[in-house]
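Student: Take a look at structure-v2.pdb, PDB, C-alpha atoms, pLDDT in the B column:
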```pdb
ATOM      1  CA  MET Y   1      71.775  93.702  96.613  1.00 68.00           C
ATOM      2  CA  LYS Y   2      71.037  91.416  99.537  1.00 77.00           C
ATOM      3  CA  GLN Y   3      68.816  92.803 102.284  1.00 73.00           C
ATOM      4  CA  PRO Y   4      70.171  92.456 105.825  1.00 75.00           C
ATOM      5  CA  LYS Y   5      68.185  90.153 108.085  1.00 81.00           C
ATOM      6  CA  ILE Y   6      66.335  91.751 110.993  1.00 80.00           C
ATOM      7  CA  ASP Y   7      66.067  89.699 114.163  1.00 80.00           C
ATOM      8  CA  PHE Y   8      62.688  90.846 115.494  1.00 81.00           C
ATOM      9  CA  LYS Y   9      62.801  88.301 118.288  1.00 81.00           C
ATOM     10  CA  LYS Y  10      65.935  89.927 119.684  1.00 84.00           C
ATOM     11  CA  LEU Y  11      64.733  93.457 118.894  1.00 86.00           C
ATOM     12  CA  LEU Y  12      61.348  93.053 120.604  1.00 85.00           C
ATOM     13  CA  ASN Y  13      62.669  91.124 123.604  1.00 85.00           C
ATOM     14  CA  GLY Y  14      61.085  92.651 126.707  1.00 87.00           C
ATOM     15  CA  TYR Y  15      58.121  94.192 124.884  1.00 87.00           C
ATOM     16  CA  THR Y  16      55.324  91.698 125.468  1.00 85.00           C
ATOM     17  CA  LYS Y  17      52.240  93.851 124.795  1.00 88.00           C
ATOM     18  CA  GLY Y  18      51.378  96.929 122.803  1.00 91.00           C
ATOM     19  CA  TRP Y  19      53.154  98.668 119.951  1.00 93.00           C
ATOM     20  CA  VAL Y  20      56.715  99.764 119.263  1.00 93.00           C
ATOM     21  CA  ALA Y  21      58.378 102.264 116.929  1.00 94.00           C
ATOM     22  CA  ILE Y  22      61.578 100.906 115.425  1.00 93.00           C
ATOM     23  CA  SER Y  23      64.469 103.086 114.245  1.00 92.00           C
ATOM     24  CA  PRO Y  24      65.154 103.478 110.502  1.00 90.00           C
ATOM     25  CA  ASN Y  25      68.191 101.186 110.654  1.00 89.00           C
ATOM     26  CA  HIS Y  26      66.135  98.502 112.491  1.00 88.00           C
ATOM     27  CA  LYS Y  27      68.672  98.360 115.333  1.00 89.00           C
ATOM     28  CA  LYS Y  28      66.582  99.553 118.313  1.00 92.00           C
ATOM     29  CA  VAL Y  29      63.128 100.284 119.652  1.00 93.00           C
ATOM     30  CA  VAL Y  30      62.745 104.054 119.912  1.00 94.00           C
ATOM     31  CA  TYR Y  31      59.258 104.297 121.466  1.00 94.00           C
ATOM     32  CA  HIS Y  32      56.772 101.866 122.935  1.00 94.00           C
ATOM     33  CA  GLY Y  33      53.226 102.104 124.245  1.00 94.00           C
ATOM     34  CA  ARG Y  34      49.998 100.280 124.847  1.00 93.00           C
ATOM     35  CA  THR Y  35      48.274 101.497 121.683  1.00 93.00           C
ATOM     36  CA  LEU Y  36      49.426 102.501 118.217  1.00 93.00           C
ATOM     37  CA  LYS Y  37      47.931 105.948 118.769  1.00 95.00           C
ATOM     38  CA  SER Y  38      50.013 106.506 121.915  1.00 94.00           C
ATOM     39  CA  VAL Y  39      53.237 105.449 120.184  1.00 94.00           C
ATOM     40  CA  MET Y  40      52.512 107.702 117.219  1.00 94.00           C
ATOM     41  CA  SER Y  41      51.846 110.687 119.490  1.00 94.00           C
ATOM     42  CA  LYS Y  42      55.134 110.065 121.330  1.00 92.00           C
ATOM     43  CA  SER Y  43      57.019 109.947 118.043  1.00 92.00           C
ATOM     44  CA  LYS Y  44      55.588 113.137 116.482  1.00 91.00           C
ATOM     45  CA  LYS Y  45      58.703 115.136 117.395  1.00 88.00           C
ATOM     46  CA  CYS Y  46      61.011 112.591 115.792  1.00 87.00           C
ATOM     47  CA  LYS Y  47      62.020 113.591 112.272  1.00 88.00           C
ATOM     48  CA  ASP Y  48      63.334 110.154 111.312  1.00 88.00           C
ATOM     49  CA  LYS Y  49      61.187 107.651 109.450  1.00 92.00           C
ATOM     50  CA  LEU Y  50      60.007 105.114 112.019  1.00 93.00           C
ATOM     51  CA  PHE Y  51      58.479 101.706 111.538  1.00 92.00           C
ATOM     52  CA  TYR Y  52      55.516 100.754 113.741  1.00 93.00           C
ATOM     53  CA  PHE Y  53      55.133  97.157 114.746  1.00 89.00           C
ATOM     54  CA  PRO Y  54      52.902  95.300 117.222  1.00 88.00           C
ATOM     55  CA  SER Y  55      54.835  93.642 120.016  1.00 86.00           C
ATOM     56  CA  GLY Y  56      53.733  90.381 121.536  1.00 75.00           C
ATOM     57  CA  GLU Y  57      54.794  86.968 122.597  1.00 65.00           C
ATOM     58  CA  LYS Y  58      53.449  85.193 119.500  1.00 65.00           C
ATOM     59  CA  PHE Y  59      52.958  86.347 115.936  1.00 59.00           C
ATOM     60  CA  SER Y  60      51.349  83.255 114.439  1.00 56.00           C
ATOM     61  CA  ASN Y  61      48.136  85.177 113.594  1.00 55.00           C
ATOM     62  CA  PHE Y  62      49.824  88.393 112.456  1.00 56.00           C
ATOM     63  CA  VAL Y  63      49.203  89.544 108.898  1.00 56.00           C
ATOM     64  CA  GLY Y  64      51.363  92.498 107.861  1.00 52.00           C
TER
END
```
Translate this structure into structure tokens?
Tutor:
Amino acid sequence: MKQPKIDFKKLLNGYTKGWVAISPNHKKVVYHGRTLKSVMSKSKKCKDKLFYFPSGEKFSNFVG
């Protein structure tokens, strides 16, 4: 089964600093904040599985 491609450049457009929580279907940013801790506290009430990702202008040094 082929995995669908996720366009992070399009998804994270407008989020230049901090962290984001991405929806389970990888279609939208649900929460964003300056730190991972702040995003996680905002998303505590959400029952869906979220994916946390750093947002930035460049990801050349990112190791995931």
Student: So how far away is atom CA of Gln3 of chain Y from atom CA of Gly18 of chain Y, in Å?
Tutor: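 Separation between atom CA of Gly18 of chain Y and atom CA of Gln3 of chain Y: 27.2 Å.
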Student: So how many Å separate atom CA of Arg34 of chain Y and atom CA of Gly14 of chain Y, to one decimal?
Tutor: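 Separating atom CA of Arg34 of chain Y from atom CA of Gly14 of chain Y is a distance of 13.6 Å.
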Student: Please report the interatomic distance between atom CA of Lys10 of chain Y and atom CA of Lys45 of chain Y in Å with one decimal.
Tutor: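 One can read the atom CA of Lys10 of chain Y to atom CA of Lys45 of chain Y distance as 26.3 Å.
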Student: Step by step, work through what the PyMOL selection byres ((chain Y and resi 28) around 12) selects in the shown file, and finish by giving those residues as a PyMOL selection string.
Tutor: chain Y and resi 6-13+15+20-27+29-32+50-51
Student: Padding 8 Å on each side, edges along x, y and z: where is the centre of the box around the listed atoms of segment 9-23 of chain Y, and how long are its edges in Å to one decimal? Output it as AutoDock Vina command-line options.
Tutor:
```
--center_x 58.7 --center_y 95.7 --center_z 120.5 --size_x 30.6 --size_y 30.8 --size_z 28.5
```
